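Below you'll find the structure, written out as structure tokens, and then a few comments.
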Amino acid sequence: MSKWDDVKEQITESEVWKSIFRHGYDDTPRNRILMVSGNVWLHLHPSKVRRHATRLRFTWCMGGITFLMFLVTVITGVYLMFYYRPTAEYAYADMKYLEFDMPFGMLMRNMHRWAAHAMVIAVWLHMFRVFLTGSYKPPREFNWVVGVILLVLTLLLSFTGYLLPWDQLSIWAVTVGSNMGRATPILGHEGPGHELIPGLNNVYDARAFLFGGGEIGPHTLLRFYILHCIFIPLVASLFMAVHFWRIRRDGFSGPAL
Amino acid sequence: MATPLKAIPGPGKRIEVPIKKATGPGDDKIHTWPHLVRNEFLIACAMMILLIVWSLLVDAPLEEPANPTRTPNPSKAPWYFLGLQEMLVFFDPWHAGVVLPTFIIVGLMVIPYLDINPKGNGYYCWKDRKWEITTFIVGFHILWVSLIIIGTFLRGPGWNWFWFWEKWDPHKVEALTNVDLPFLLGVRDETMATIVGALIVGGYFVVGYAAFYALCRGVKGAEFPDFIERWGWARFGLTGFLFLNMWAVVAKMMMRHLLNIKYIMVLKTPYFSINI
């Protein structure tokens, strides 16, 4: 036995090592199961799956890519939060600062934005694939509903983030995207039936509730920042937990044996 | 695995359903580690490389500082909402921005409860699910994705239509020749126009439901009585409603593009007004 193997054995046989890693890398059936069931991250999977469920041709891996893109936006997003102040005076200047002065600032911002776009596309393709394979059929009906909620949350995450750069592109895109708030039936001051609620006006209707005022301003920036960084990610995480858990319980869909 | 593995039906191949539940030792399960985890890891690596290269090559846009007094022309929503913004050409904001998105979201959610076809559960198949798949493709690819492409690339200043090769001219003049459908039919009186419009909208749904019924009947053939008993009238009604609304969007778009029709029904009351 070489010196190296000796050292290696001393480490892997030590009490500290064994308290962290409970099984080795031996390729035995028992170990393959332990690899998944004994790992907090991997145990989102069942320890065994149907053969077709590992095939890219079947799954397109779009659900996984959606989740990966979500993780990328979380990590890059935390980095961006260190340098960004959600107030109208500073927001745009902080964007410039981030782009030109922060180490990897531009790369982090680019990755954050493109991952967000990729997440929207991936979630659509995931839905399309799930439809094509009929994977929403019993017993997975409710998980499809959870998936639709996650689709909406993905769009809302992307939309609320759109405002934060506080440039012309963001405020006008959000203005256009929120105008329908004014036109909400009964609750918007320009919607049909708005006469039913007395006193509805530009600063007191559905859109004003979203904006925190009659038009996009500093209050809207703070609102969207909190929605984008805290509220929607929390809600989305809860629904993701349900979504993954139910896949875990029901198994991956597949043809009957 | 000692038991021989059953071939997995690929696209286009049919299997007989329903069959016994997929449990017990006779199934085709393999270990997640390494078979699935390996694939996920490789795809995650590939996606990360792609994303990083893309992010190094293309910068996220940052325009001038926000200025609420200067409205850009055209002002566009984020690209994933441009299908809805394009809908504003054809429908009032409450309809395009609130009612239709609600129908889309609720309609998507109820799909598993409306579709009681036991076939095609967990594998690709066209033969047993022709109508389901066609409807989804019309809704998703034609109505959602293609409208996003139109909204992104073909709509310029004033939300006017510009082909790919045309320059976005902010002074392009579009004649406003749109009329309401009752007007086109020769109805000049306002009240009569509302009545005629309401009849057309109502008639669309009556005829539409009849056509939908005939379609189901035609598709199901001899098994129709048995099928409709299992499906139930509530499912029939809701599916028909969503189906007809989807096609109504197509119909309204066609009427606008081909006949310059603005509204089909204009209803004004002291309490509310609804234009469809």
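Residues in the structure tokens are numbered from 1 in each chain, the chains being A, B, ... in the order shown, and ligands are numbered from 1 in the order shown.
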
Skipping near chain neighbours, those fewer than 2 positions away, what residues fall within 12 Å of Lys262 (chain B) using only C-alpha atoms, listed as an mmCIF file with N, CA and C atoms, in the first residue's frame?
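Saved as around.cif:
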```
data_model
loop_
_atom_site.group_PDB
_atom_site.id
_atom_site.type_symbol
_atom_site.label_atom_id
_atom_site.label_comp_id
_atom_site.auth_asym_id
_atom_site.auth_seq_id
_atom_site.Cartn_x
_atom_site.Cartn_y
_atom_site.Cartn_z
ATOM 1 N N LEU B 88 -55.098 43.220 -27.844
ATOM 2 C CA LEU B 88 -55.729 44.529 -27.669
ATOM 3 C C LEU B 88 -56.150 45.134 -28.998
ATOM 4 N N VAL B 89 -55.561 44.637 -30.088
ATOM 5 C CA VAL B 89 -55.985 45.097 -31.406
ATOM 6 C C VAL B 89 -57.424 44.668 -31.654
ATOM 7 N N PHE B 90 -57.764 43.517 -31.145
ATOM 8 C CA PHE B 90 -59.054 42.917 -31.494
ATOM 9 C C PHE B 90 -60.106 43.070 -30.404
ATOM 10 N N PHE B 91 -59.658 43.237 -29.163
ATOM 11 C CA PHE B 91 -60.610 43.273 -28.053
ATOM 12 C C PHE B 91 -60.314 44.458 -27.143
ATOM 13 N N ASP B 92 -61.334 44.866 -26.378
ATOM 14 C CA ASP B 92 -61.126 45.914 -25.380
ATOM 15 C C ASP B 92 -60.218 45.397 -24.271
ATOM 16 N N LEU B 176 -58.455 54.627 -40.616
ATOM 17 C CA LEU B 176 -59.298 53.944 -39.633
ATOM 18 C C LEU B 176 -60.653 53.668 -40.277
ATOM 19 N N THR B 177 -60.777 52.526 -40.885
ATOM 20 C CA THR B 177 -62.008 52.207 -41.604
ATOM 21 C C THR B 177 -62.811 51.143 -40.889
ATOM 22 N N ASN B 178 -62.463 50.886 -39.611
ATOM 23 C CA ASN B 178 -63.167 49.814 -38.906
ATOM 24 C C ASN B 178 -64.621 50.193 -38.632
ATOM 25 N N VAL B 179 -65.491 49.234 -38.814
ATOM 26 C CA VAL B 179 -66.901 49.435 -38.464
ATOM 27 C C VAL B 179 -67.358 48.248 -37.627
ATOM 28 N N ASP B 180 -68.487 48.432 -36.938
ATOM 29 C CA ASP B 180 -69.041 47.311 -36.181
ATOM 30 C C ASP B 180 -69.798 46.389 -37.122
ATOM 31 N N LEU B 181 -69.876 45.141 -36.754
ATOM 32 C CA LEU B 181 -70.514 44.153 -37.632
ATOM 33 C C LEU B 181 -71.974 44.493 -37.955
ATOM 34 N N PRO B 182 -72.804 44.905 -36.964
ATOM 35 C CA PRO B 182 -74.189 45.252 -37.316
ATOM 36 C C PRO B 182 -74.252 46.386 -38.344
ATOM 37 N N PHE B 183 -73.321 47.348 -38.239
ATOM 38 C CA PHE B 183 -73.287 48.451 -39.202
ATOM 39 C C PHE B 183 -73.016 47.905 -40.600
ATOM 40 N N LEU B 184 -72.078 46.985 -40.669
ATOM 41 C CA LEU B 184 -71.745 46.383 -41.957
ATOM 42 C C LEU B 184 -72.944 45.657 -42.536
ATOM 43 N N GLY B 197 -76.239 42.601 -32.591
ATOM 44 C CA GLY B 197 -74.923 42.142 -32.113
ATOM 45 C C GLY B 197 -75.069 41.041 -31.084
ATOM 46 N N LYS B 252 -62.644 36.420 -34.475
ATOM 47 C CA LYS B 252 -62.610 37.886 -34.360
ATOM 48 C C LYS B 252 -61.367 38.442 -35.051
ATOM 49 N N MET B 253 -60.241 37.755 -34.908
ATOM 50 C CA MET B 253 -59.015 38.208 -35.578
ATOM 51 C C MET B 253 -59.197 38.212 -37.091
ATOM 52 N N MET B 254 -59.808 37.148 -37.587
ATOM 53 C CA MET B 254 -60.034 37.052 -39.032
ATOM 54 C C MET B 254 -60.934 38.194 -39.502
ATOM 55 N N MET B 255 -62.015 38.446 -38.725
ATOM 56 C CA MET B 255 -62.963 39.492 -39.123
ATOM 57 C C MET B 255 -62.283 40.851 -39.164
ATOM 58 N N ARG B 256 -61.376 41.085 -38.198
ATOM 59 C CA ARG B 256 -60.685 42.368 -38.194
ATOM 60 C C ARG B 256 -59.734 42.472 -39.380
ATOM 61 N N HIS B 257 -58.954 41.419 -39.580
ATOM 62 C CA HIS B 257 -57.942 41.498 -40.631
ATOM 63 C C HIS B 257 -58.570 41.531 -42.012
ATOM 64 N N LEU B 258 -59.643 40.777 -42.217
ATOM 65 C CA LEU B 258 -60.204 40.663 -43.567
ATOM 66 C C LEU B 258 -61.316 41.672 -43.835
ATOM 67 N N LEU B 259 -62.137 41.982 -42.795
ATOM 68 C CA LEU B 259 -63.321 42.815 -43.046
ATOM 69 C C LEU B 259 -63.301 44.127 -42.267
ATOM 70 N N ASN B 260 -62.222 44.414 -41.544
ATOM 71 C CA ASN B 260 -62.129 45.653 -40.751
ATOM 72 C C ASN B 260 -63.292 45.813 -39.779
ATOM 73 N N ILE B 264 -68.461 43.312 -32.517
ATOM 74 C CA ILE B 264 -69.614 42.546 -32.978
ATOM 75 C C ILE B 264 -70.853 43.024 -32.242
ATOM 76 N N MET B 265 -70.668 43.323 -30.958
ATOM 77 C CA MET B 265 -71.793 43.811 -30.170
ATOM 78 C C MET B 265 -71.341 45.004 -29.332
ATOM 79 N N VAL B 266 -72.096 46.078 -29.395
ATOM 80 C CA VAL B 266 -71.821 47.242 -28.556
ATOM 81 C C VAL B 266 -73.008 47.412 -27.626
ATOM 82 N N ASN B 275 -68.377 46.008 -24.837
ATOM 83 C CA ASN B 275 -68.181 45.892 -26.280
ATOM 84 C C ASN B 275 -67.399 44.627 -26.570
ATOM 85 N N ILE B 276 -67.947 43.814 -27.440
ATOM 86 C CA ILE B 276 -67.275 42.557 -27.749
ATOM 87 C C ILE B 276 -66.914 42.554 -29.226
#
```

For chain A, report every residue with an atom at most 6 Å from chain B (counting only C-alpha atoms), formatted as a VMD selection string. chain A and resid 32 47 to 51 54 110 to 111 132 to 137 141 145 166 to 168 173 176 to 177 180 183 to 184 191 to 193 195 253 to 257

Residues at most 8 Å from region 200-213 of chain A, counting only C-alpha atoms, excluding those fewer than 4 positions away in the same chain, as an MDAnalysis selection string? chainID A and resid 178:182 184 187:189 194:195 217 219:220 223

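CA of Thr73 (chain A) is found 27.2 Å from CA of Ser146 (chain B).
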
Do you know which residues are at most 7 Å from Leu221 (chain A) counting only C-alpha atoms, after dropping those on the same chain fewer than 5 positions away, and could you put them as a PyMOL selection string? chain A and resi 86-87+163-164

Any chance you can output those residues with N, CA and C atoms as a PDB file, in the first residue's frame?
```pdb
ATOM      1  N   PRO A  86     -33.512  49.599  -4.106  1.00  0.00           N
ATOM      2  CA  PRO A  86     -34.787  49.749  -4.828  1.00  0.00           C
ATOM      3  C   PRO A  86     -35.453  51.089  -4.575  1.00  0.00           C
ATOM      4  N   THR A  87     -34.717  52.158  -4.765  1.00  0.00           N
ATOM      5  CA  THR A  87     -35.320  53.485  -4.628  1.00  0.00           C
ATOM      6  C   THR A  87     -35.077  54.229  -5.924  1.00  0.00           C
ATOM      7  N   LEU A 163     -39.181  45.558 -13.954  1.00  0.00           N
ATOM      8  CA  LEU A 163     -39.228  46.982 -13.582  1.00  0.00           C
ATOM      9  C   LEU A 163     -37.923  47.444 -12.929  1.00  0.00           C
ATOM     10  N   LEU A 164     -37.202  46.510 -12.297  1.00  0.00           N
ATOM     11  CA  LEU A 164     -36.142  46.916 -11.375  1.00  0.00           C
ATOM     12  C   LEU A 164     -34.989  47.720 -11.985  1.00  0.00           C
TER      13      LEU A 164
END
```

Among region 20-164 of chain A, which residues carry a DSSP assignment of helix (DSSP H, G or I), reported as a PyMOL selection string? chain A and resi 20+29-37+42-44+51-54+56-59+62-81+91-100+105-132+141-163

I want to know what sits within 12 Å of Phe212 (chain B), based on only C-alpha atoms, with residues of the same chain fewer than 4 positions away left out; could you give that as an NGL selection string? :B and (131 or 204-208 or 216-219 or 236-244 or 247)

Using N, CA and C atoms, can you write the selected residues to a file as an mmCIF file, in the first residue's frame?
```cif
data_model
loop_
_atom_site.group_PDB
_atom_site.id
_atom_site.type_symbol
_atom_site.label_atom_id
_atom_site.label_comp_id
_atom_site.auth_asym_id
_atom_site.auth_seq_id
_atom_site.Cartn_x
_atom_site.Cartn_y
_atom_site.Cartn_z
ATOM 1 N N TRP B 131 -57.711 14.970 -31.191
ATOM 2 C CA TRP B 131 -58.426 16.235 -30.949
ATOM 3 C C TRP B 131 -57.815 17.003 -29.797
ATOM 4 N N TYR B 204 -73.614 32.604 -32.107
ATOM 5 C CA TYR B 204 -72.337 31.913 -32.252
ATOM 6 C C TYR B 204 -72.239 30.771 -31.246
ATOM 7 N N PHE B 205 -72.649 31.065 -29.998
ATOM 8 C CA PHE B 205 -72.522 30.017 -28.982
ATOM 9 C C PHE B 205 -73.553 28.906 -29.176
ATOM 10 N N VAL B 206 -74.770 29.276 -29.586
ATOM 11 C CA VAL B 206 -75.789 28.234 -29.827
ATOM 12 C C VAL B 206 -75.348 27.320 -30.964
ATOM 13 N N VAL B 207 -75.008 27.956 -32.096
ATOM 14 C CA VAL B 207 -74.559 27.163 -33.240
ATOM 15 C C VAL B 207 -73.266 26.423 -32.899
ATOM 16 N N GLY B 208 -72.396 27.128 -32.155
ATOM 17 C CA GLY B 208 -71.114 26.526 -31.781
ATOM 18 C C GLY B 208 -71.292 25.284 -30.935
ATOM 19 N N CYS B 216 -68.332 15.951 -31.436
ATOM 20 C CA CYS B 216 -68.120 14.855 -30.477
ATOM 21 C C CYS B 216 -68.796 13.583 -30.983
ATOM 22 N N ARG B 217 -70.000 13.765 -31.503
ATOM 23 C CA ARG B 217 -70.757 12.637 -32.000
ATOM 24 C C ARG B 217 -70.037 11.962 -33.162
ATOM 25 N N GLY B 218 -69.550 12.810 -34.071
ATOM 26 C CA GLY B 218 -68.847 12.284 -35.238
ATOM 27 C C GLY B 218 -67.575 11.560 -34.862
ATOM 28 N N VAL B 219 -66.847 12.160 -33.884
ATOM 29 C CA VAL B 219 -65.564 11.563 -33.489
ATOM 30 C C VAL B 219 -65.805 10.231 -32.792
ATOM 31 N N PHE B 236 -69.033 18.512 -20.739
ATOM 32 C CA PHE B 236 -69.338 18.889 -22.125
ATOM 33 C C PHE B 236 -69.494 20.404 -22.221
ATOM 34 N N GLY B 237 -70.272 20.962 -21.277
ATOM 35 C CA GLY B 237 -70.537 22.400 -21.321
ATOM 36 C C GLY B 237 -69.275 23.227 -21.163
ATOM 37 N N LEU B 238 -68.450 22.869 -20.179
ATOM 38 C CA LEU B 238 -67.243 23.653 -19.914
ATOM 39 C C LEU B 238 -66.227 23.507 -21.052
ATOM 40 N N THR B 239 -66.041 22.284 -21.529
ATOM 41 C CA THR B 239 -65.117 22.080 -22.640
ATOM 42 C C THR B 239 -65.581 22.878 -23.851
ATOM 43 N N GLY B 240 -66.888 22.791 -24.130
ATOM 44 C CA GLY B 240 -67.431 23.522 -25.271
ATOM 45 C C GLY B 240 -67.222 25.013 -25.110
ATOM 46 N N PHE B 241 -67.441 25.522 -23.890
ATOM 47 C CA PHE B 241 -67.288 26.958 -23.643
ATOM 48 C C PHE B 241 -65.857 27.414 -23.933
ATOM 49 N N LEU B 242 -64.899 26.683 -23.387
ATOM 50 C CA LEU B 242 -63.490 27.057 -23.589
ATOM 51 C C LEU B 242 -63.099 26.910 -25.053
ATOM 52 N N PHE B 243 -63.551 25.815 -25.662
ATOM 53 C CA PHE B 243 -63.256 25.538 -27.059
ATOM 54 C C PHE B 243 -63.819 26.650 -27.953
ATOM 55 N N LEU B 244 -65.077 27.033 -27.697
ATOM 56 C CA LEU B 244 -65.709 28.059 -28.522
ATOM 57 C C LEU B 244 -65.067 29.424 -28.301
ATOM 58 N N TRP B 247 -61.881 29.544 -30.361
ATOM 59 C CA TRP B 247 -62.138 29.770 -31.784
ATOM 60 C C TRP B 247 -62.751 31.130 -32.045
#
```

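For the set A:Tyr25, A:Trp17, A:Tyr97, A:Phe70, the residue with the smallest atom-to-atom gap to Val123 (chain A) is A:Phe70, counting only C-alpha atoms.
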
Exercise: Arg246 (chain A) partners within 10 Å, only C-alpha atoms, chain neighbours under 5 positions left out, as JSON, numbers by chain: {"A": [139, 140, 142, 143, 146, 240, 241, 251, 252]}

One decimal, Å: what's the distance from CA of Leu150 (chain A) over to CA of Thr59 (chain A), could you say?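 Value for the CA of Leu150 (chain A)-CA of Thr59 (chain A) distance: 18.4 Å.
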